[in-house]
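Here is the file run-v1.cif (mmCIF, N, CA and C atoms).
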data_model
loop_
_atom_site.label_atom_id
_atom_site.label_comp_id
_atom_site.auth_asym_id
_atom_site.auth_seq_id
_atom_site.Cartn_x
_atom_site.Cartn_y
_atom_site.Cartn_z
N MET A 27 0.84 -1.18 0.00
CA MET A 27 0.00 0.00 0.00
C MET A 27 0.89 1.25 0.00
N GLU A 28 0.62 2.14 -0.93
CA GLU A 28 1.34 3.40 -0.96
C GLU A 28 0.57 4.42 -0.14
N TYR A 29 1.33 5.26 0.56
CA TYR A 29 0.69 6.24 1.42
C TYR A 29 0.87 7.64 0.86
N PRO A 30 -0.19 8.47 0.91
CA PRO A 30 -0.12 9.84 0.39
C PRO A 30 0.50 10.80 1.43
N ILE A 31 1.69 10.47 1.91
CA ILE A 31 2.31 11.21 3.00
C ILE A 31 2.52 12.68 2.65
N GLU A 32 3.19 12.94 1.53
CA GLU A 32 3.47 14.33 1.17
C GLU A 32 2.18 15.10 0.90
N GLU A 33 1.25 14.46 0.24
CA GLU A 33 -0.03 15.11 -0.05
C GLU A 33 -0.74 15.52 1.24
N ILE A 34 -0.76 14.62 2.21
CA ILE A 34 -1.42 14.92 3.49
C ILE A 34 -0.70 16.07 4.20
N LEU A 35 0.61 15.96 4.32
CA LEU A 35 1.35 16.99 5.06
C LEU A 35 1.31 18.34 4.37
N ASN A 36 1.35 18.36 3.05
CA ASN A 36 1.35 19.63 2.33
C ASN A 36 -0.01 20.30 2.27
N SER A 37 -1.08 19.54 2.49
CA SER A 37 -2.42 20.13 2.37
C SER A 37 -3.13 20.30 3.71
N SER A 38 -2.46 19.94 4.80
CA SER A 38 -3.12 19.97 6.11
C SER A 38 -2.64 21.12 6.98
N LYS A 39 -3.57 21.62 7.78
CA LYS A 39 -3.25 22.69 8.74
C LYS A 39 -3.57 22.27 10.17
N THR A 40 -4.63 21.47 10.34
CA THR A 40 -5.05 21.06 11.68
C THR A 40 -4.86 19.56 11.87
N ILE A 41 -4.29 19.19 13.02
CA ILE A 41 -4.04 17.79 13.32
C ILE A 41 -4.55 17.50 14.73
N ALA A 42 -5.55 16.63 14.82
CA ALA A 42 -6.05 16.19 16.12
C ALA A 42 -5.24 14.96 16.50
N ILE A 43 -4.59 15.01 17.66
CA ILE A 43 -3.77 13.89 18.11
C ILE A 43 -4.52 13.13 19.19
N VAL A 44 -4.97 11.93 18.82
CA VAL A 44 -5.71 11.07 19.74
C VAL A 44 -4.70 10.30 20.59
N GLY A 45 -4.77 10.52 21.90
CA GLY A 45 -3.81 9.90 22.80
C GLY A 45 -2.63 10.81 23.11
N LEU A 46 -2.79 12.10 22.86
CA LEU A 46 -1.72 13.06 23.18
C LEU A 46 -1.52 13.12 24.69
N SER A 47 -0.31 12.84 25.12
CA SER A 47 0.01 12.84 26.54
C SER A 47 0.35 14.25 27.01
N ALA A 48 0.04 14.52 28.27
CA ALA A 48 0.42 15.79 28.89
C ALA A 48 1.84 15.73 29.44
N LYS A 49 2.49 14.57 29.32
CA LYS A 49 3.85 14.38 29.85
C LYS A 49 4.88 14.68 28.77
N ALA A 50 5.76 15.64 29.05
CA ALA A 50 6.74 16.10 28.07
C ALA A 50 7.69 15.02 27.59
N GLU A 51 7.88 13.97 28.38
CA GLU A 51 8.82 12.92 27.97
C GLU A 51 8.19 11.89 27.01
N GLN A 52 6.91 11.98 26.77
CA GLN A 52 6.24 11.02 25.90
C GLN A 52 6.40 11.41 24.42
N ASP A 53 6.47 10.41 23.56
CA ASP A 53 6.62 10.65 22.13
C ASP A 53 5.49 11.53 21.58
N SER A 54 4.27 11.28 22.01
CA SER A 54 3.15 12.06 21.48
C SER A 54 3.31 13.55 21.78
N TYR A 55 3.82 13.86 22.95
CA TYR A 55 4.04 15.25 23.35
C TYR A 55 5.12 15.90 22.48
N MET A 56 6.22 15.15 22.27
CA MET A 56 7.31 15.68 21.43
C MET A 56 6.84 15.91 20.00
N VAL A 57 6.04 14.97 19.49
CA VAL A 57 5.51 15.12 18.14
C VAL A 57 4.58 16.33 18.07
N ALA A 58 3.72 16.49 19.07
CA ALA A 58 2.82 17.65 19.09
C ALA A 58 3.59 18.96 19.14
N CYS A 59 4.65 19.01 19.95
CA CYS A 59 5.49 20.21 20.00
C CYS A 59 6.09 20.51 18.63
N TYR A 60 6.65 19.48 18.03
CA TYR A 60 7.27 19.64 16.72
C TYR A 60 6.26 20.17 15.71
N LEU A 61 5.09 19.55 15.65
CA LEU A 61 4.08 19.98 14.70
C LEU A 61 3.64 21.42 14.96
N SER A 62 3.46 21.78 16.23
CA SER A 62 3.10 23.15 16.59
C SER A 62 4.18 24.13 16.15
N ASP A 63 5.42 23.76 16.42
CA ASP A 63 6.55 24.62 16.06
C ASP A 63 6.70 24.79 14.55
N HIS A 64 6.11 23.88 13.79
CA HIS A 64 6.22 23.94 12.33
C HIS A 64 4.92 24.35 11.66
N GLY A 65 4.08 25.07 12.39
CA GLY A 65 2.93 25.73 11.80
C GLY A 65 1.62 24.98 11.78
N PHE A 66 1.57 23.79 12.33
CA PHE A 66 0.32 23.06 12.37
C PHE A 66 -0.47 23.44 13.63
N GLU A 67 -1.78 23.46 13.50
CA GLU A 67 -2.63 23.64 14.67
C GLU A 67 -2.88 22.25 15.24
N VAL A 68 -2.39 22.03 16.46
CA VAL A 68 -2.53 20.74 17.11
C VAL A 68 -3.72 20.78 18.06
N ILE A 69 -4.56 19.75 17.97
CA ILE A 69 -5.74 19.65 18.82
C ILE A 69 -5.59 18.40 19.69
N PRO A 70 -5.41 18.56 20.99
CA PRO A 70 -5.26 17.39 21.87
C PRO A 70 -6.57 16.64 22.07
N ILE A 71 -6.48 15.31 21.97
CA ILE A 71 -7.62 14.44 22.28
C ILE A 71 -7.15 13.52 23.40
N ASN A 72 -7.59 13.83 24.62
CA ASN A 72 -7.20 13.06 25.80
C ASN A 72 -8.23 13.32 26.89
N PRO A 73 -9.04 12.32 27.22
CA PRO A 73 -10.10 12.53 28.22
C PRO A 73 -9.58 12.77 29.64
N SER A 74 -8.30 12.53 29.87
CA SER A 74 -7.72 12.69 31.21
C SER A 74 -7.11 14.07 31.44
N ALA A 75 -7.11 14.91 30.43
CA ALA A 75 -6.49 16.24 30.57
C ALA A 75 -7.45 17.31 30.07
N SER A 76 -7.47 18.43 30.76
CA SER A 76 -8.32 19.54 30.29
C SER A 76 -7.56 20.45 29.34
N GLU A 77 -6.22 20.42 29.44
CA GLU A 77 -5.38 21.27 28.59
C GLU A 77 -4.02 20.61 28.41
N ILE A 78 -3.52 20.67 27.18
CA ILE A 78 -2.17 20.18 26.86
C ILE A 78 -1.54 21.18 25.92
N LEU A 79 -0.31 21.57 26.20
CA LEU A 79 0.40 22.55 25.38
C LEU A 79 -0.37 23.86 25.25
N GLY A 80 -1.06 24.23 26.31
CA GLY A 80 -1.81 25.47 26.29
C GLY A 80 -3.07 25.44 25.45
N ARG A 81 -3.46 24.26 25.01
CA ARG A 81 -4.65 24.11 24.18
C ARG A 81 -5.69 23.27 24.91
N LYS A 82 -6.95 23.59 24.69
CA LYS A 82 -8.04 22.80 25.27
C LYS A 82 -7.92 21.37 24.76
N SER A 83 -8.02 20.43 25.68
CA SER A 83 -8.01 19.02 25.32
C SER A 83 -9.45 18.50 25.30
N TYR A 84 -9.77 17.75 24.29
CA TYR A 84 -11.11 17.21 24.13
C TYR A 84 -11.13 15.74 24.52
N ALA A 85 -12.25 15.28 25.04
CA ALA A 85 -12.37 13.89 25.48
C ALA A 85 -12.40 12.93 24.29
N SER A 86 -12.98 13.36 23.18
CA SER A 86 -13.03 12.50 21.99
C SER A 86 -13.11 13.37 20.75
N LEU A 87 -12.89 12.76 19.61
CA LEU A 87 -12.99 13.48 18.34
C LEU A 87 -14.39 14.06 18.14
N ARG A 88 -15.39 13.35 18.61
CA ARG A 88 -16.78 13.80 18.41
C ARG A 88 -17.12 15.06 19.20
N ASP A 89 -16.23 15.45 20.11
CA ASP A 89 -16.44 16.68 20.88
C ASP A 89 -15.86 17.92 20.20
N LEU A 90 -15.14 17.74 19.11
CA LEU A 90 -14.51 18.87 18.43
C LEU A 90 -15.55 19.79 17.80
N PRO A 91 -15.30 21.11 17.84
CA PRO A 91 -16.24 22.05 17.23
C PRO A 91 -16.15 22.07 15.70
N ALA A 92 -15.02 21.60 15.13
CA ALA A 92 -14.84 21.56 13.67
C ALA A 92 -13.94 20.38 13.34
N PRO A 93 -14.08 19.82 12.15
CA PRO A 93 -13.26 18.66 11.80
C PRO A 93 -11.80 19.06 11.56
N PRO A 94 -10.86 18.24 12.02
CA PRO A 94 -9.45 18.49 11.71
C PRO A 94 -9.14 17.95 10.32
N ASP A 95 -8.02 18.38 9.75
CA ASP A 95 -7.59 17.81 8.48
C ASP A 95 -7.12 16.37 8.69
N VAL A 96 -6.35 16.16 9.77
CA VAL A 96 -5.75 14.85 10.04
C VAL A 96 -6.09 14.40 11.45
N VAL A 97 -6.39 13.13 11.60
CA VAL A 97 -6.51 12.49 12.91
C VAL A 97 -5.27 11.62 13.06
N ASP A 98 -4.39 12.00 13.98
CA ASP A 98 -3.14 11.28 14.23
C ASP A 98 -3.36 10.38 15.44
N ILE A 99 -3.19 9.07 15.24
CA ILE A 99 -3.50 8.09 16.29
C ILE A 99 -2.26 7.67 17.06
N PHE A 100 -2.26 7.98 18.36
CA PHE A 100 -1.22 7.56 19.30
C PHE A 100 -1.82 6.59 20.32
N ARG A 101 -2.67 5.70 19.87
CA ARG A 101 -3.26 4.68 20.73
C ARG A 101 -2.93 3.32 20.12
N ARG A 102 -3.08 2.28 20.93
CA ARG A 102 -2.82 0.93 20.42
C ARG A 102 -3.73 0.61 19.23
N ALA A 103 -3.23 -0.26 18.37
CA ALA A 103 -3.95 -0.62 17.14
C ALA A 103 -5.36 -1.11 17.40
N GLU A 104 -5.59 -1.75 18.52
CA GLU A 104 -6.93 -2.27 18.81
C GLU A 104 -7.99 -1.16 18.91
N PHE A 105 -7.53 0.08 19.14
CA PHE A 105 -8.46 1.21 19.23
C PHE A 105 -8.69 1.90 17.88
N ALA A 106 -7.93 1.51 16.86
CA ALA A 106 -8.01 2.17 15.56
C ALA A 106 -9.41 2.13 14.93
N PRO A 107 -10.12 0.99 14.95
CA PRO A 107 -11.44 1.00 14.32
C PRO A 107 -12.40 2.04 14.90
N GLU A 108 -12.44 2.15 16.21
CA GLU A 108 -13.32 3.13 16.85
C GLU A 108 -12.89 4.56 16.50
N ILE A 109 -11.60 4.82 16.50
CA ILE A 109 -11.09 6.16 16.18
C ILE A 109 -11.38 6.49 14.72
N VAL A 110 -11.21 5.52 13.83
CA VAL A 110 -11.53 5.73 12.42
C VAL A 110 -13.01 6.05 12.25
N GLU A 111 -13.88 5.34 12.93
CA GLU A 111 -15.31 5.64 12.85
C GLU A 111 -15.60 7.07 13.30
N ASP A 112 -14.95 7.50 14.37
CA ASP A 112 -15.12 8.87 14.84
C ASP A 112 -14.59 9.87 13.80
N ALA A 113 -13.44 9.56 13.20
CA ALA A 113 -12.84 10.44 12.19
C ALA A 113 -13.79 10.59 10.99
N ILE A 114 -14.38 9.49 10.58
CA ILE A 114 -15.35 9.52 9.48
C ILE A 114 -16.56 10.36 9.87
N ALA A 115 -17.08 10.12 11.07
CA ALA A 115 -18.29 10.82 11.53
C ALA A 115 -18.11 12.33 11.61
N ILE A 116 -16.93 12.79 11.96
CA ILE A 116 -16.73 14.24 12.11
C ILE A 116 -16.25 14.91 10.82
N GLY A 117 -15.92 14.14 9.79
CA GLY A 117 -15.53 14.73 8.52
C GLY A 117 -14.05 15.03 8.38
N ALA A 118 -13.20 14.28 9.08
CA ALA A 118 -11.75 14.45 8.90
C ALA A 118 -11.37 14.04 7.48
N LYS A 119 -10.23 14.53 7.02
CA LYS A 119 -9.79 14.22 5.66
C LYS A 119 -8.80 13.07 5.61
N ALA A 120 -8.11 12.82 6.73
CA ALA A 120 -7.09 11.78 6.74
C ALA A 120 -6.95 11.17 8.13
N VAL A 121 -6.49 9.92 8.14
CA VAL A 121 -6.17 9.22 9.38
C VAL A 121 -4.72 8.79 9.29
N TRP A 122 -3.96 9.09 10.33
CA TRP A 122 -2.53 8.76 10.37
C TRP A 122 -2.28 7.90 11.59
N MET A 123 -1.87 6.65 11.37
CA MET A 123 -1.53 5.76 12.47
C MET A 123 -0.02 5.83 12.67
N GLN A 124 0.39 6.22 13.85
CA GLN A 124 1.80 6.45 14.16
C GLN A 124 2.65 5.19 14.01
N LEU A 125 3.95 5.38 14.07
CA LEU A 125 4.92 4.30 13.96
C LEU A 125 4.55 3.18 14.92
N GLY A 126 4.47 1.95 14.41
CA GLY A 126 4.12 0.80 15.22
C GLY A 126 2.64 0.50 15.27
N ILE A 127 1.82 1.34 14.64
CA ILE A 127 0.37 1.14 14.68
C ILE A 127 -0.13 0.79 13.28
N GLU A 128 -0.69 -0.39 13.17
CA GLU A 128 -1.26 -0.84 11.90
C GLU A 128 -2.58 -1.54 12.18
N HIS A 129 -3.57 -1.24 11.37
CA HIS A 129 -4.85 -1.94 11.45
C HIS A 129 -5.45 -1.90 10.05
N PRO A 130 -5.14 -2.93 9.22
CA PRO A 130 -5.59 -2.93 7.82
C PRO A 130 -7.10 -2.80 7.65
N ASP A 131 -7.90 -3.42 8.52
CA ASP A 131 -9.35 -3.30 8.39
C ASP A 131 -9.82 -1.87 8.64
N ALA A 132 -9.25 -1.22 9.65
CA ALA A 132 -9.60 0.18 9.93
C ALA A 132 -9.15 1.08 8.79
N ALA A 133 -7.98 0.79 8.23
CA ALA A 133 -7.47 1.57 7.10
C ALA A 133 -8.40 1.43 5.89
N LYS A 134 -8.83 0.20 5.62
CA LYS A 134 -9.74 -0.04 4.51
C LYS A 134 -11.06 0.70 4.71
N ARG A 135 -11.57 0.66 5.92
CA ARG A 135 -12.83 1.36 6.23
C ARG A 135 -12.68 2.86 5.99
N ALA A 136 -11.56 3.43 6.44
CA ALA A 136 -11.31 4.86 6.25
C ALA A 136 -11.23 5.19 4.75
N GLN A 137 -10.50 4.38 4.00
CA GLN A 137 -10.36 4.63 2.56
C GLN A 137 -11.72 4.52 1.85
N GLU A 138 -12.51 3.53 2.24
CA GLU A 138 -13.83 3.39 1.64
C GLU A 138 -14.72 4.60 1.91
N ALA A 139 -14.47 5.27 3.04
CA ALA A 139 -15.24 6.47 3.39
C ALA A 139 -14.63 7.74 2.78
N GLY A 140 -13.54 7.58 2.02
CA GLY A 140 -12.94 8.72 1.33
C GLY A 140 -11.80 9.41 2.05
N LEU A 141 -11.34 8.84 3.16
CA LEU A 141 -10.22 9.43 3.89
C LEU A 141 -8.90 8.90 3.36
N LYS A 142 -7.89 9.74 3.40
CA LYS A 142 -6.54 9.30 3.10
C LYS A 142 -6.01 8.59 4.35
N VAL A 143 -5.14 7.61 4.16
CA VAL A 143 -4.66 6.80 5.28
C VAL A 143 -3.16 6.60 5.21
N VAL A 144 -2.53 6.71 6.39
CA VAL A 144 -1.12 6.34 6.57
C VAL A 144 -1.06 5.44 7.79
N MET A 145 -0.30 4.35 7.68
CA MET A 145 -0.10 3.45 8.82
C MET A 145 1.39 3.26 9.06
N ASN A 146 1.75 3.10 10.33
CA ASN A 146 3.09 2.72 10.74
C ASN A 146 4.17 3.70 10.27
N HIS A 147 3.87 4.98 10.35
CA HIS A 147 4.83 6.03 10.03
C HIS A 147 4.72 7.14 11.07
N CYS A 148 5.83 7.72 11.43
CA CYS A 148 5.84 8.85 12.36
C CYS A 148 5.62 10.14 11.58
N ILE A 149 4.61 10.89 11.94
CA ILE A 149 4.29 12.12 11.22
C ILE A 149 5.42 13.16 11.35
N LYS A 150 6.09 13.18 12.50
CA LYS A 150 7.21 14.10 12.70
C LYS A 150 8.37 13.74 11.78
N ARG A 151 8.75 12.48 11.78
CA ARG A 151 9.86 12.03 10.94
C ARG A 151 9.56 12.24 9.46
N GLU A 152 8.32 11.99 9.07
CA GLU A 152 7.95 12.18 7.66
C GLU A 152 7.98 13.65 7.29
N HIS A 153 7.54 14.52 8.19
CA HIS A 153 7.62 15.96 7.92
C HIS A 153 9.08 16.39 7.80
N GLN A 154 9.92 15.89 8.69
CA GLN A 154 11.35 16.21 8.61
C GLN A 154 11.93 15.74 7.28
N ARG A 155 11.56 14.54 6.85
CA ARG A 155 12.09 13.98 5.61
C ARG A 155 11.70 14.84 4.40
N ILE A 156 10.41 15.17 4.29
CA ILE A 156 9.99 15.91 3.09
C ILE A 156 10.40 17.37 3.12
N SER A 157 10.70 17.90 4.31
CA SER A 157 11.16 19.29 4.38
C SER A 157 12.68 19.39 4.40
N GLY A 158 13.35 18.25 4.24
CA GLY A 158 14.81 18.26 4.13
C GLY A 158 15.56 18.39 5.43
N GLN A 159 14.88 18.19 6.56
CA GLN A 159 15.55 18.26 7.86
C GLN A 159 16.11 16.89 8.21
N SER A 160 17.18 16.88 8.99
CA SER A 160 17.68 15.57 9.41
C SER A 160 16.79 15.06 10.54
N PRO A 161 16.40 13.79 10.46
CA PRO A 161 15.51 13.23 11.48
C PRO A 161 16.18 13.14 12.84
N THR A 162 15.40 13.40 13.86
CA THR A 162 15.88 13.28 15.23
C THR A 162 14.89 12.43 16.00
N THR A 163 15.37 11.70 17.00
CA THR A 163 14.46 10.87 17.78
C THR A 163 13.74 11.69 18.84
N GLY A 164 14.42 12.64 19.44
CA GLY A 164 13.78 13.51 20.42
C GLY A 164 13.49 14.86 19.78
N TYR A 165 12.92 15.75 20.51
CA TYR A 165 12.67 17.08 19.98
C TYR A 165 12.62 18.06 21.14
N ALA A 166 13.37 19.13 21.02
CA ALA A 166 13.35 20.18 22.04
C ALA A 166 12.25 21.16 21.65
N CYS A 167 11.19 21.14 22.41
CA CYS A 167 10.02 21.94 22.11
C CYS A 167 10.34 23.43 22.21
N GLN A 168 9.95 24.18 21.18
CA GLN A 168 10.14 25.62 21.18
C GLN A 168 8.92 26.33 21.77
N TRP A 169 7.79 25.59 21.83
CA TRP A 169 6.55 26.17 22.32
C TRP A 169 6.69 26.58 23.77
N LYS A 170 6.18 27.74 24.08
CA LYS A 170 6.18 28.24 25.47
C LYS A 170 4.75 28.64 25.82
N PRO A 171 4.31 28.31 27.04
CA PRO A 171 2.96 28.70 27.42
C PRO A 171 2.82 30.22 27.49
N PRO A 172 1.64 30.74 27.18
CA PRO A 172 1.44 32.19 27.28
C PRO A 172 1.68 32.67 28.70
N ALA A 173 2.26 33.84 28.81
CA ALA A 173 2.56 34.41 30.12
C ALA A 173 1.32 34.92 30.80
#
Take the structure in this file and express it as structure tokens.
Amino acid sequence: MEYPIEEILNSSKTIAIVGLSAKAEQDSYMVACYLSDHGFEVIPINPSASEILGRKSYASLRDLPAPPDVVDIFRRAEFAPEIVEDAIAIGAKAVWMQLGIEHPDAAKRAQEAGLKVVMNHCIKREHQRISGQSPTTGYACQWKPPA
């Protein structure tokens, strides 16, 4: 399966991250920082946090006031079908399953509903690759909370 990675990254502005952690040492947090620092509007989806990175955190995708361009999944693969159904229901344009996350049935369902799909790729690393940056495993967040 070929993935429309460049197409998704070049045409997207808003990314809802399902499973975004409020802990700075977690991969999801570093990825969110990186995406924020590179001009994307990041929308946290985490029912355990009211705010992450200075942004309101939503309990689920269905609570969002507007559909994001991309739903980035940082949850185990077993949760992908439910997240894909939510992404379809809210009108997202793409579903991105992070590195290590694959669910072919959920991917097929998303594609059948007209969403673009990426599985088992890190959105941060792919953005670095297509923008000519050298990939890094960690990321020093430039984002600072408002004073």
Report task. Extract, using only N, CA and C atoms, all DNA, RNA and protein residues at most 5 Å from region 87-100 of chain A, discarding same-chain residues fewer than 2 positions from it, and format them as an MDAnalysis selection string. Result -> chainID A and resid 40:45 85 102 116 118:124
Saved selection, atoms kept: N, CA and C atoms, as a PDB file, keeping the file's coordinate frame:
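Wrote it out as again23.pdb, contents follow:
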ATOM      1  N   THR A  40      -4.630  21.470  10.340  1.00  0.00           N
ATOM      2  CA  THR A  40      -5.050  21.060  11.680  1.00  0.00           C
ATOM      3  C   THR A  40      -4.860  19.560  11.870  1.00  0.00           C
ATOM      4  N   ILE A  41      -4.290  19.190  13.020  1.00  0.00           N
ATOM      5  CA  ILE A  41      -4.040  17.790  13.320  1.00  0.00           C
ATOM      6  C   ILE A  41      -4.550  17.500  14.730  1.00  0.00           C
ATOM      7  N   ALA A  42      -5.550  16.630  14.820  1.00  0.00           N
ATOM      8  CA  ALA A  42      -6.050  16.190  16.120  1.00  0.00           C
ATOM      9  C   ALA A  42      -5.240  14.960  16.500  1.00  0.00           C
ATOM     10  N   ILE A  43      -4.590  15.010  17.660  1.00  0.00           N
ATOM     11  CA  ILE A  43      -3.770  13.890  18.110  1.00  0.00           C
ATOM     12  C   ILE A  43      -4.520  13.130  19.190  1.00  0.00           C
ATOM     13  N   VAL A  44      -4.970  11.930  18.820  1.00  0.00           N
ATOM     14  CA  VAL A  44      -5.710  11.070  19.740  1.00  0.00           C
ATOM     15  C   VAL A  44      -4.700  10.300  20.590  1.00  0.00           C
ATOM     16  N   GLY A  45      -4.770  10.520  21.900  1.00  0.00           N
ATOM     17  CA  GLY A  45      -3.810   9.900  22.800  1.00  0.00           C
ATOM     18  C   GLY A  45      -2.630  10.810  23.110  1.00  0.00           C
ATOM     19  N   ALA A  85     -12.250  15.280  25.040  1.00  0.00           N
ATOM     20  CA  ALA A  85     -12.370  13.890  25.480  1.00  0.00           C
ATOM     21  C   ALA A  85     -12.400  12.930  24.290  1.00  0.00           C
ATOM     22  N   ARG A 102      -3.080   2.280  20.930  1.00  0.00           N
ATOM     23  CA  ARG A 102      -2.820   0.930  20.420  1.00  0.00           C
ATOM     24  C   ARG A 102      -3.730   0.610  19.230  1.00  0.00           C
ATOM     25  N   ILE A 116     -16.930  12.790  11.960  1.00  0.00           N
ATOM     26  CA  ILE A 116     -16.730  14.240  12.110  1.00  0.00           C
ATOM     27  C   ILE A 116     -16.250  14.910  10.820  1.00  0.00           C
ATOM     28  N   ALA A 118     -13.200  14.280   9.080  1.00  0.00           N
ATOM     29  CA  ALA A 118     -11.750  14.450   8.900  1.00  0.00           C
ATOM     30  C   ALA A 118     -11.370  14.040   7.480  1.00  0.00           C
ATOM     31  N   LYS A 119     -10.230  14.530   7.020  1.00  0.00           N
ATOM     32  CA  LYS A 119      -9.790  14.220   5.660  1.00  0.00           C
ATOM     33  C   LYS A 119      -8.800  13.070   5.610  1.00  0.00           C
ATOM     34  N   ALA A 120      -8.110  12.820   6.730  1.00  0.00           N
ATOM     35  CA  ALA A 120      -7.090  11.780   6.740  1.00  0.00           C
ATOM     36  C   ALA A 120      -6.950  11.170   8.130  1.00  0.00           C
ATOM     37  N   VAL A 121      -6.490   9.920   8.140  1.00  0.00           N
ATOM     38  CA  VAL A 121      -6.170   9.220   9.380  1.00  0.00           C
ATOM     39  C   VAL A 121      -4.720   8.790   9.290  1.00  0.00           C
ATOM     40  N   TRP A 122      -3.960   9.090  10.330  1.00  0.00           N
ATOM     41  CA  TRP A 122      -2.530   8.760  10.370  1.00  0.00           C
ATOM     42  C   TRP A 122      -2.280   7.900  11.590  1.00  0.00           C
ATOM     43  N   MET A 123      -1.870   6.650  11.370  1.00  0.00           N
ATOM     44  CA  MET A 123      -1.530   5.760  12.470  1.00  0.00           C
ATOM     45  C   MET A 123      -0.020   5.830  12.670  1.00  0.00           C
ATOM     46  N   GLN A 124       0.390   6.220  13.850  1.00  0.00           N
ATOM     47  CA  GLN A 124       1.800   6.450  14.160  1.00  0.00           C
ATOM     48  C   GLN A 124       2.650   5.190  14.010  1.00  0.00           C
TER      49      GLN A 124
END
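If you look at atom N of Gly140 (chain A) and atom C of Ile31 (chain A), they are 16.9 Å away from each other.
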**Report entry** Expected answer as a list of chain:residue names: alpha helix (DSSP H) residues in region 106-160 of chain A
**Finding:** A:Ala106, A:Pro107, A:Glu108, A:Ile109, A:Val110, A:Glu111, A:Asp112, A:Ala113, A:Ile114, A:Ala115, A:Ile116, A:Pro130, A:Asp131, A:Ala132, A:Ala133, A:Lys134, A:Arg135, A:Ala136, A:Gln137, A:Glu138, A:Ile149, A:Lys150, A:Arg151, A:Glu152, A:His153, A:Gln154, A:Arg155, A:Ile156
With N, CA and C atoms retained, could you export that selection as a CSV table (one decimal), in the coordinates of the input?
chain,number,residue,atom,x,y,z
A,106,ALA,N,-7.9,1.5,16.9
A,106,ALA,CA,-8.0,2.2,15.6
A,106,ALA,C,-9.4,2.1,14.9
A,107,PRO,N,-10.1,1.0,15.0
A,107,PRO,CA,-11.4,1.0,14.3
A,107,PRO,C,-12.4,2.0,14.9
A,108,GLU,N,-12.4,2.2,16.2
A,108,GLU,CA,-13.3,3.1,16.8
A,108,GLU,C,-12.9,4.6,16.5
A,109,ILE,N,-11.6,4.8,16.5
A,109,ILE,CA,-11.1,6.2,16.2
A,109,ILE,C,-11.4,6.5,14.7
A,110,VAL,N,-11.2,5.5,13.8
A,110,VAL,CA,-11.5,5.7,12.4
A,110,VAL,C,-13.0,6.0,12.2
A,111,GLU,N,-13.9,5.3,12.9
A,111,GLU,CA,-15.3,5.6,12.8
A,111,GLU,C,-15.6,7.1,13.3
A,112,ASP,N,-15.0,7.5,14.4
A,112,ASP,CA,-15.1,8.9,14.8
A,112,ASP,C,-14.6,9.9,13.8
A,113,ALA,N,-13.4,9.6,13.2
A,113,ALA,CA,-12.8,10.4,12.2
A,113,ALA,C,-13.8,10.6,11.0
A,114,ILE,N,-14.4,9.5,10.6
A,114,ILE,CA,-15.4,9.5,9.5
A,114,ILE,C,-16.6,10.4,9.9
A,115,ALA,N,-17.1,10.1,11.1
A,115,ALA,CA,-18.3,10.8,11.5
A,115,ALA,C,-18.1,12.3,11.6
A,116,ILE,N,-16.9,12.8,12.0
A,116,ILE,CA,-16.7,14.2,12.1
A,116,ILE,C,-16.2,14.9,10.8
A,130,PRO,N,-5.1,-2.9,9.2
A,130,PRO,CA,-5.6,-2.9,7.8
A,130,PRO,C,-7.1,-2.8,7.6
A,131,ASP,N,-7.9,-3.4,8.5
A,131,ASP,CA,-9.4,-3.3,8.4
A,131,ASP,C,-9.8,-1.9,8.6
A,132,ALA,N,-9.2,-1.2,9.6
A,132,ALA,CA,-9.6,0.2,9.9
A,132,ALA,C,-9.2,1.1,8.8
A,133,ALA,N,-8.0,0.8,8.2
A,133,ALA,CA,-7.5,1.6,7.1
A,133,ALA,C,-8.4,1.4,5.9
A,134,LYS,N,-8.8,0.2,5.6
A,134,LYS,CA,-9.7,0.0,4.5
A,134,LYS,C,-11.1,0.7,4.7
A,135,ARG,N,-11.6,0.7,5.9
A,135,ARG,CA,-12.8,1.4,6.2
A,135,ARG,C,-12.7,2.9,6.0
A,136,ALA,N,-11.6,3.4,6.4
A,136,ALA,CA,-11.3,4.9,6.2
A,136,ALA,C,-11.2,5.2,4.8
A,137,GLN,N,-10.5,4.4,4.0
A,137,GLN,CA,-10.4,4.6,2.6
A,137,GLN,C,-11.7,4.5,1.8
A,138,GLU,N,-12.5,3.5,2.2
A,138,GLU,CA,-13.8,3.4,1.6
A,138,GLU,C,-14.7,4.6,1.9
A,149,ILE,N,4.6,10.9,11.9
A,149,ILE,CA,4.3,12.1,11.2
A,149,ILE,C,5.4,13.2,11.4
A,150,LYS,N,6.1,13.2,12.5
A,150,LYS,CA,7.2,14.1,12.7
A,150,LYS,C,8.4,13.7,11.8
A,151,ARG,N,8.8,12.5,11.8
A,151,ARG,CA,9.9,12.0,10.9
A,151,ARG,C,9.6,12.2,9.5
A,152,GLU,N,8.3,12.0,9.1
A,152,GLU,CA,8.0,12.2,7.7
A,152,GLU,C,8.0,13.6,7.3
A,153,HIS,N,7.5,14.5,8.2
A,153,HIS,CA,7.6,16.0,7.9
A,153,HIS,C,9.1,16.4,7.8
A,154,GLN,N,9.9,15.9,8.7
A,154,GLN,CA,11.4,16.2,8.6
A,154,GLN,C,11.9,15.7,7.3
A,155,ARG,N,11.6,14.5,6.8
A,155,ARG,CA,12.1,14.0,5.6
A,155,ARG,C,11.7,14.8,4.4
A,156,ILE,N,10.4,15.2,4.3
A,156,ILE,CA,10.0,15.9,3.1
A,156,ILE,C,10.4,17.4,3.1
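Among the candidate residues A:Lys82, A:Gln159, A:Glu111, A:Gly126, the one lying nearest to Val68 (chain A) is A:Lys82, with distances computed using all atoms listed in the file.
Straight-line separation from atom N of Glu67 (chain A) to atom C of Ile114 (chain A): 20.1 Å.
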Query raised in the report: Using only C-alpha atoms, can you list as JSON, numbers by chain the residues within 12 Å of (-2.9, 20.3, 27.1)?
Result: {"A": [43, 45, 46, 47, 48, 49, 50, 54, 55, 58, 59, 68, 69, 70, 71, 72, 73, 74, 75, 76, 77, 78, 79, 80, 81, 82, 83, 84, 85, 171]}
Query - Contacts of Glu152 (chain A) within 8 Å, only N, CA and C atoms, excl. fewer than 4 positions in-chain, as a list in words - result: Ile31, Glu32, Leu35, His147, Cys148, Ile156, Ser157, Gly158 and Pro161 of chain A
